[in-house]
Structure formats: C-alpha cells, structure tokens
Amino acid sequence: MADELDRLDLKILDRLQLDASESSSEIAERVGLSQSPCWRRMQRLKAKGYVKAQVAVLDREKLGESMYIFAQLQMGRLTDEERDRFTQAIEDIPEITEAYTLFGEMDVMLKVLAPSMGWYQAFTFRTLLRLPGVQDVRSTATLSEIKCTHRLPLPSL
C-alpha cells in the first residue's frame with residue numbers, strides 16, 4: 001500500500017501527524033503545493049485509510065496524578081468464545097489504553113493508566129485476574145515518561 005505514496009503524500013501525512021488542526025492551506029504552504037491539490041491529496045489519504053482519526057492529545061498530568069503500569073498476562077487456553085469475551089472486556093475497560101499479544105512466556109501486555117498503586121492493586125484482583133483465561137499477572141510500574149509520541153516514522157522525505 002505504501003508504494004502508492006509519493007514524496008508529497010508523505011510530507012502531508014507527516015504534517016498531519018504533527019498538527020492535524022492545521023488547515024489544508026497551511027499544510028499546502030509547508031509541503032510546497034497549492035491549496036486545492038493539497039486538499040484533494042488529504043481527502044484521498046483519508047479515504048484510503050492512511051489517516052485513521054484526528055484527535056486531541058490531552059495532557060494527562062493536568063488531569064491529575066497518574067502513572068502507567070505495564071501488565072503482562074499469562075493466559076490459559078481459550079475457546080473462540082472466551083477469546084472474544086476477553087478481547088471485548090479489554091476494549092470496555094477505559095483505563096487500559098493499549099493492549100498487545102506477545103511471543104514468549106507471557107501472552108498479553110496491557111498499558112494501564114492508574115491513579116495510584118493502591119488503585120492498581122485492587123484493579124489487578126477485581127478486574128485483571130477475573131478476565132477469561134488470565135492465570136497470572138506481572139506488572140511493571142513506570143517512574144517517569146521519557147518519550148511519548150503517536151508520530152510514525154515515515155520513509156525518507
């Protein structure tokens with residue numbers, strides 16, 4: 001799919017990653033296009049699914065104390081129905097901000113936004129360990145955030 005992207009498409013996508021609130025005129029000026037062709041390219045990139053969503057990135061520190069905790073889950077064998085229930089449960093828990101399946105000793109890694117260690121302890125026992133198939137939870141609490149970005153590296157511009 002990336003084969004159909006040219007240098008200007010990549011520049012537009014990069015601008016959108018930096019600030020999706022920029023107008024097509026502002027992006028056009030920054031990437032060296034006139035407004036109409038830039039707008040058409042932006043619409044095509046969105047229609048083809050290169051841009052999944054345009055959102056506001058909130059400052060979590062301004063919303064109160066919190067920490068990220070990475071929870072690694074060891075899973076037992078699940079039926080297709082149990083796997084669907086597990087996946088839906090993960091989707092429905094707002095404090096789980098990311099979830100990945102893994103190769104190795106542990107099977108799933110969750111990124112959990114926790115207001116405190118006490119809250120996370122209760123969350124582990126009342127929520128995580130009650131999810132279908134979860135046999136063990138190993139957690140790592142973060143001390144500070146060094147880098148957090150949603151900007152994907154694009155081929156050379």
# chains A, B, ... in the order shown; residues from 1 in each chain; ligands from 1
$ select_by_dssp --residues "stretch 4-130 of chain A" --states "helix (DSSP H, G or I)" --output "PyMOL selection string"
chain A and resi 4+7-18+24-31+35-47+60-63+80-92+117-126+128-130
$ residues_around --residues "stretch 47-60 of chain A" --least-positions-apart "6" --cutoff "8 Å" --atoms "only C-alpha atoms" --output "list in words"
Leu13, Ala20 and Ser66 of chain A
$ residues_around --residues "A:Leu110" --least-positions-apart "6" --cutoff "6 Å" --atoms "only C-alpha atoms" --output "PyMOL selection string"
chain A and resi 70-71+98-99
$ closest_residue --among "A:Tyr68, A:Leu128, A:Ala122, A:Asp92" --to "A:Leu143" --atoms "only C-alpha atoms"
A:Tyr68
$ residues_around --residues "A:Arg30" --least-positions-apart "6" --cutoff "10 Å" --atoms "only C-alpha atoms" --output "list in words"
Lys11, Ile12, Arg15 and Ser24 of chain A
$ residues_around --residues "A:Met75" --least-positions-apart "6" --cutoff "7 Å" --atoms "only C-alpha atoms" --output "PyMOL selection string"
chain A and resi 107+133-135
$ atom_distance --atom1 "atom CA of A:Leu10" --atom2 "atom CA of A:Cys38"
11.8 Å
$ select_by_dssp --residues "chain A" --states "strand (DSSP E)" --output "mmCIF file with C-alpha atoms, in the first residue's frame"
data_model
loop_
_atom_site.group_PDB
_atom_site.id
_atom_site.type_symbol
_atom_site.label_atom_id
_atom_site.label_comp_id
_atom_site.auth_asym_id
_atom_site.auth_seq_id
_atom_site.Cartn_x
_atom_site.Cartn_y
_atom_site.Cartn_z
ATOM 1 C CA MET A 67 1.099 6.512 36.300
ATOM 2 C CA TYR A 68 1.351 3.974 33.543
ATOM 3 C CA ILE A 69 1.699 0.376 34.562
ATOM 4 C CA PHE A 70 2.524 -2.354 32.077
ATOM 5 C CA ALA A 71 0.725 -5.564 32.968
ATOM 6 C CA GLN A 72 1.832 -8.786 31.319
ATOM 7 C CA LEU A 73 -0.769 -11.533 31.390
ATOM 8 C CA GLN A 74 -0.196 -15.245 31.175
ATOM 9 C CA MET A 75 -3.209 -16.853 29.575
ATOM 10 C CA ILE A 96 -6.424 0.007 29.581
ATOM 11 C CA THR A 97 -5.070 2.363 26.941
ATOM 12 C CA GLU A 98 -3.165 -0.190 24.831
ATOM 13 C CA ALA A 99 -3.097 -3.981 24.532
ATOM 14 C CA TYR A 100 -0.801 -6.320 22.593
ATOM 15 C CA THR A 101 -0.382 -10.055 22.156
ATOM 16 C CA VAL A 108 -0.652 -10.283 26.532
ATOM 17 C CA MET A 109 0.743 -6.885 27.529
ATOM 18 C CA LEU A 110 -1.546 -4.099 28.697
ATOM 19 C CA LYS A 111 -0.755 -0.439 29.247
ATOM 20 C CA VAL A 112 -2.874 0.661 32.199
ATOM 21 C CA LEU A 113 -3.352 4.259 33.352
ATOM 22 C CA ALA A 114 -3.577 4.070 37.139
ATOM 23 C CA VAL A 134 -5.968 -14.988 32.852
ATOM 24 C CA GLN A 135 -3.732 -17.189 35.009
ATOM 25 C CA ASP A 136 -1.013 -14.756 36.100
ATOM 26 C CA VAL A 137 -0.285 -11.018 36.035
ATOM 27 C CA ARG A 138 3.194 -9.498 36.211
ATOM 28 C CA SER A 139 3.339 -5.734 36.456
ATOM 29 C CA THR A 140 5.925 -3.032 35.930
ATOM 30 C CA ALA A 141 5.180 0.476 37.196
#
